[in-house]
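To start, the structure itself, in structure tokens.
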Amino acid sequence: MAQTYDKVALIGLGLIASSMFWAMKRGGLAGQVRGYARSAQTRETAREIGLCDVVCDTAVEAVQDADLVVLCVPVGVMGAVAQEIAPFLKAGATVSDVGSVKKAVVEAVGPHLPENVEFIPAHPLAGTEHSGPRSGFAELFDNRFTLLVPDENAKPEATAKLRALWEGMGANVEEMDAEHHDLVLAVTSHAPHLIAYTMVGVADDLSRVTDSEVIKYSAAGFRDFTRIAASDPTMWRDVFLNNKEATLEILGRFTEELFALQRAIRTGDGEHLFDYFTHTRAIRRGIIEAGQDTDAPDFGRVKK
Ligand code: NAP
């Protein structure tokens, strides 16, 4: 694979940034990668494990001369980070991010950026419940989608270059507008996470079923909820606070469907339940056929 950018800066060195670094290394996609993280401890760990070619002590130092700057911090701090680095960006550089929400990031970051940089927000639809500099791995984005949400003023060549980088890191790339992105993600990721958090919370509340029983007898369904509910609390707090509208819309619909199923159970309407579950089973088959999961009993998840 060919090198796409000469100098890349990763701001934030957690799961996504570290996976990007290892994926860029694997593909020989960047000349030099500089990284910055807020805490001295994370920077120290990064140096220890060889995460990034250079680990900088300030974000400003990391972005100077960079052809591509990727904000890999929680959604709630993207604006503040953009404000800090904006005066030091190289003319013609591309600024991107990996935030799980797009409209709020566009609104928080965009106004800080000078006109001579290209702003192309992105979101890799890949992750695990782990976080921090040690959690990344080169294969994270393989055969997963990355959605690009280019600013209307971004040059097509700049978008094409960022697309090539993500494809080089193994991703399938598509473009979408920010509002649509947030609605799609509310359905496919944000609402399901909230439901998982709730279900694990409910199990925890049920004092008639002890914690040890919940753990001992958890079949795949609940076990999967606990995996999702172990995701990073900062990240998910920021996702819900910044994708409020779409998430509330989907949760409203979810509640209506839940009531309908509840009613079917109470009234013994087996036909409703059977038809509903037949329909949902077809959706699962569609996901497998699209190559986005496997039908292995553990959902094919790699144990990291
Ligand atoms: P992570 O592993 O928790 O890493 C976050 C990084 O951001 C850390 O290096 C942290 O530095 C830094 N950071 C936190 N607050 C900061 C601040 N105020 N100023 C500067 N740096 C700060 O997170 P992640 O999972 O890689 O997520 C990063 C972004 O990717 C988020 O926007 C998230 O929405 C998005 N995303 C996540 C997933 C996923 O499944 N995890 C998937 C797709 C997209 P310290 O280590 O020094 O605290």
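A note on labels: chains of the structure tokens are A, B, ... as shown, every chain counts residues from 1, and ligands are counted from 1 in their shown order.
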When you look at region 112-117 of chain A with a cut-off of 12 Å (counting only C-alpha atoms), what residues show up, excluding the ones that are within fewer than 6 positions of it in the same chain? I need them as a PyMOL selection string. chain A and resi 66-69+78-96+105-106+151+153-155+158
Do you have, as JSON lines, the list of residues of region 6-116 of chain A lying at most 9 Å from region 182-201 of chain A, each with its nearest atom pair and that distance in Å to one decimal, counting only C-alpha atoms and ordered by chain then number?
```
{"residue": "A:Ser100", "atom": "CA", "partner": "A:Leu185", "partner_atom": "CA", "distance": 8.0}
{"residue": "A:Val101", "atom": "CA", "partner": "A:Asp182", "partner_atom": "CA", "distance": 6.0}
{"residue": "A:Lys102", "atom": "CA", "partner": "A:Asp182", "partner_atom": "CA", "distance": 6.3}
{"residue": "A:Lys103", "atom": "CA", "partner": "A:Asp182", "partner_atom": "CA", "distance": 7.0}
```
Name the residues of region 24-221 of chain A that fall into strand (DSSP E) according to DSSP on the backbone, using the chain letters and numbers of this document, as a ChimeraX atom specification. /A:30-36,54-55,68-71,94-97,118-119,122-124,145-148,172-175
Nearby residues, ligand 1, 8 Å, only C-alpha atoms and all ligand atoms, as a ChimeraX atom specification: /A:11-18,36-43,71-78,80-81,97-101,123-133,135,231-232,234-236,238-239
Hey, what's within 12 Å of Gly31 (chain A) if we count only C-alpha atoms and toss same-chain stuff fewer than 2 positions away? As a PyMOL selection string, please? chain A and resi 2-9+21+24-25+27-29+33-34+52-54+66-68
Can I get the selection written as a short mmCIF file (atom, residue, chain, number, x, y, z; two decimals), in the first residue's frame, with N, CA, C and O atoms?
```cif
data_model
loop_
_atom_site.label_atom_id
_atom_site.label_comp_id
_atom_site.auth_asym_id
_atom_site.auth_seq_id
_atom_site.Cartn_x
_atom_site.Cartn_y
_atom_site.Cartn_z
N ALA A 2 0.34 2.31 -0.56
CA ALA A 2 1.15 3.51 -0.70
C ALA A 2 0.97 4.46 0.48
O ALA A 2 -0.09 4.50 1.11
N GLN A 3 2.01 5.23 0.74
CA GLN A 3 1.92 6.26 1.79
C GLN A 3 0.92 7.33 1.33
O GLN A 3 0.95 7.77 0.18
N THR A 4 0.02 7.73 2.24
CA THR A 4 -0.97 8.74 1.84
C THR A 4 -0.62 10.13 2.38
O THR A 4 -0.80 11.13 1.71
N TYR A 5 -0.12 10.18 3.62
CA TYR A 5 0.26 11.48 4.21
C TYR A 5 1.70 11.38 4.68
O TYR A 5 2.14 10.33 5.15
N ASP A 6 2.40 12.52 4.60
CA ASP A 6 3.77 12.53 5.07
C ASP A 6 3.78 12.58 6.61
O ASP A 6 4.34 11.72 7.27
N LYS A 7 3.08 13.60 7.17
CA LYS A 7 3.07 13.73 8.63
C LYS A 7 1.63 13.72 9.17
O LYS A 7 0.79 14.50 8.73
N VAL A 8 1.40 12.83 10.12
CA VAL A 8 0.07 12.71 10.73
C VAL A 8 0.17 13.00 12.22
O VAL A 8 1.15 12.60 12.87
N ALA A 9 -0.80 13.72 12.77
CA ALA A 9 -0.85 13.96 14.22
C ALA A 9 -2.12 13.34 14.79
O ALA A 9 -3.21 13.58 14.27
N PHE A 21 -2.84 4.08 14.60
CA PHE A 21 -1.38 4.07 14.45
C PHE A 21 -0.90 2.70 13.96
O PHE A 21 -0.15 2.60 12.99
N MET A 24 -1.89 2.14 10.41
CA MET A 24 -1.08 2.94 9.47
C MET A 24 0.30 2.30 9.30
O MET A 24 0.84 2.26 8.21
N LYS A 25 0.84 1.80 10.40
CA LYS A 25 2.16 1.13 10.36
C LYS A 25 2.08 -0.11 9.48
O LYS A 25 2.93 -0.34 8.62
N GLY A 27 0.16 -0.77 7.09
CA GLY A 27 0.01 -0.49 5.66
C GLY A 27 1.06 0.45 5.10
O GLY A 27 1.03 0.76 3.91
N GLY A 28 1.99 0.93 5.93
CA GLY A 28 2.98 1.90 5.46
C GLY A 28 2.30 3.15 4.91
O GLY A 28 2.67 3.68 3.86
N LEU A 29 1.29 3.64 5.62
CA LEU A 29 0.43 4.70 5.08
C LEU A 29 0.85 6.11 5.43
O LEU A 29 0.35 7.06 4.85
N VAL A 33 4.23 9.63 12.35
CA VAL A 33 3.02 9.87 13.15
C VAL A 33 3.43 10.43 14.51
O VAL A 33 4.22 9.81 15.23
N ARG A 34 2.89 11.63 14.81
CA ARG A 34 3.13 12.22 16.12
C ARG A 34 1.86 12.08 16.93
O ARG A 34 0.75 12.18 16.40
N CYS A 52 3.22 5.58 18.30
CA CYS A 52 3.59 6.81 17.60
C CYS A 52 5.10 6.91 17.44
O CYS A 52 5.85 6.44 18.30
N ASP A 53 5.51 7.54 16.34
CA ASP A 53 6.94 7.71 16.08
C ASP A 53 7.51 8.73 17.05
O ASP A 53 8.65 8.61 17.50
N VAL A 54 6.70 9.76 17.35
CA VAL A 54 7.11 10.77 18.33
C VAL A 54 5.91 11.04 19.23
O VAL A 54 4.80 11.25 18.73
N ALA A 66 1.92 19.07 10.53
CA ALA A 66 1.17 17.86 10.17
C ALA A 66 0.31 18.12 8.93
O ALA A 66 -0.31 19.17 8.79
N ASP A 67 0.29 17.11 8.03
CA ASP A 67 -0.57 17.19 6.84
C ASP A 67 -1.98 16.72 7.18
O ASP A 67 -2.95 17.08 6.54
N LEU A 68 -2.05 15.86 8.18
CA LEU A 68 -3.35 15.37 8.65
C LEU A 68 -3.36 15.39 10.18
O LEU A 68 -2.44 14.87 10.82
#
```
Between CA of Ala178 (chain A) and CA of Thr247 (chain A), what is the spacing in Å?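 These atoms are spaced 14.3 Å apart.
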Residues within 12 Å of Leu273 (chain A), only C-alpha atoms, excluding chain neighbours under 6 positions, as an NGL selection string: :A and (257-258 or 260-267 or 279-280)
Please produce an output containing C-alpha atoms for each residue in the selection, written as a PDB file, in the first residue's frame.
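Contents of result.pdb, as written:
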```
ATOM      1  CA  GLU A 257     -42.592  -1.252  20.474  1.00  0.00           C
ATOM      2  CA  LEU A 258     -41.717  -2.511  23.926  1.00  0.00           C
ATOM      3  CA  ALA A 260     -46.704  -3.520  22.176  1.00  0.00           C
ATOM      4  CA  LEU A 261     -44.639  -6.622  22.972  1.00  0.00           C
ATOM      5  CA  GLN A 262     -45.492  -6.328  26.659  1.00  0.00           C
ATOM      6  CA  ARG A 263     -49.164  -6.219  25.711  1.00  0.00           C
ATOM      7  CA  ALA A 264     -48.789  -9.252  23.421  1.00  0.00           C
ATOM      8  CA  ILE A 265     -47.255 -11.216  26.284  1.00  0.00           C
ATOM      9  CA  ARG A 266     -50.003 -10.170  28.712  1.00  0.00           C
ATOM     10  CA  THR A 267     -52.826 -10.976  26.282  1.00  0.00           C
ATOM     11  CA  HIS A 279     -38.909 -10.292  11.218  1.00  0.00           C
ATOM     12  CA  THR A 280     -36.019  -9.547  13.603  1.00  0.00           C
TER      13      THR A 280
END
```
So the first atom is CA of Glu61 (chain A) and the second is CA of Ala160 (chain A); what is the distance between them in Å, to one decimal place? 26.7 Å
Name the residues of region 17-75 of chain A that come out as alpha helix (DSSP H) in a backbone DSSP run; write them as a PyMOL selection string. chain A and resi 17-27+40-49+59-63
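From CA of Asp224 (chain A) back to CA of Leu148 (chain A), the distance works out to 28.6 Å.
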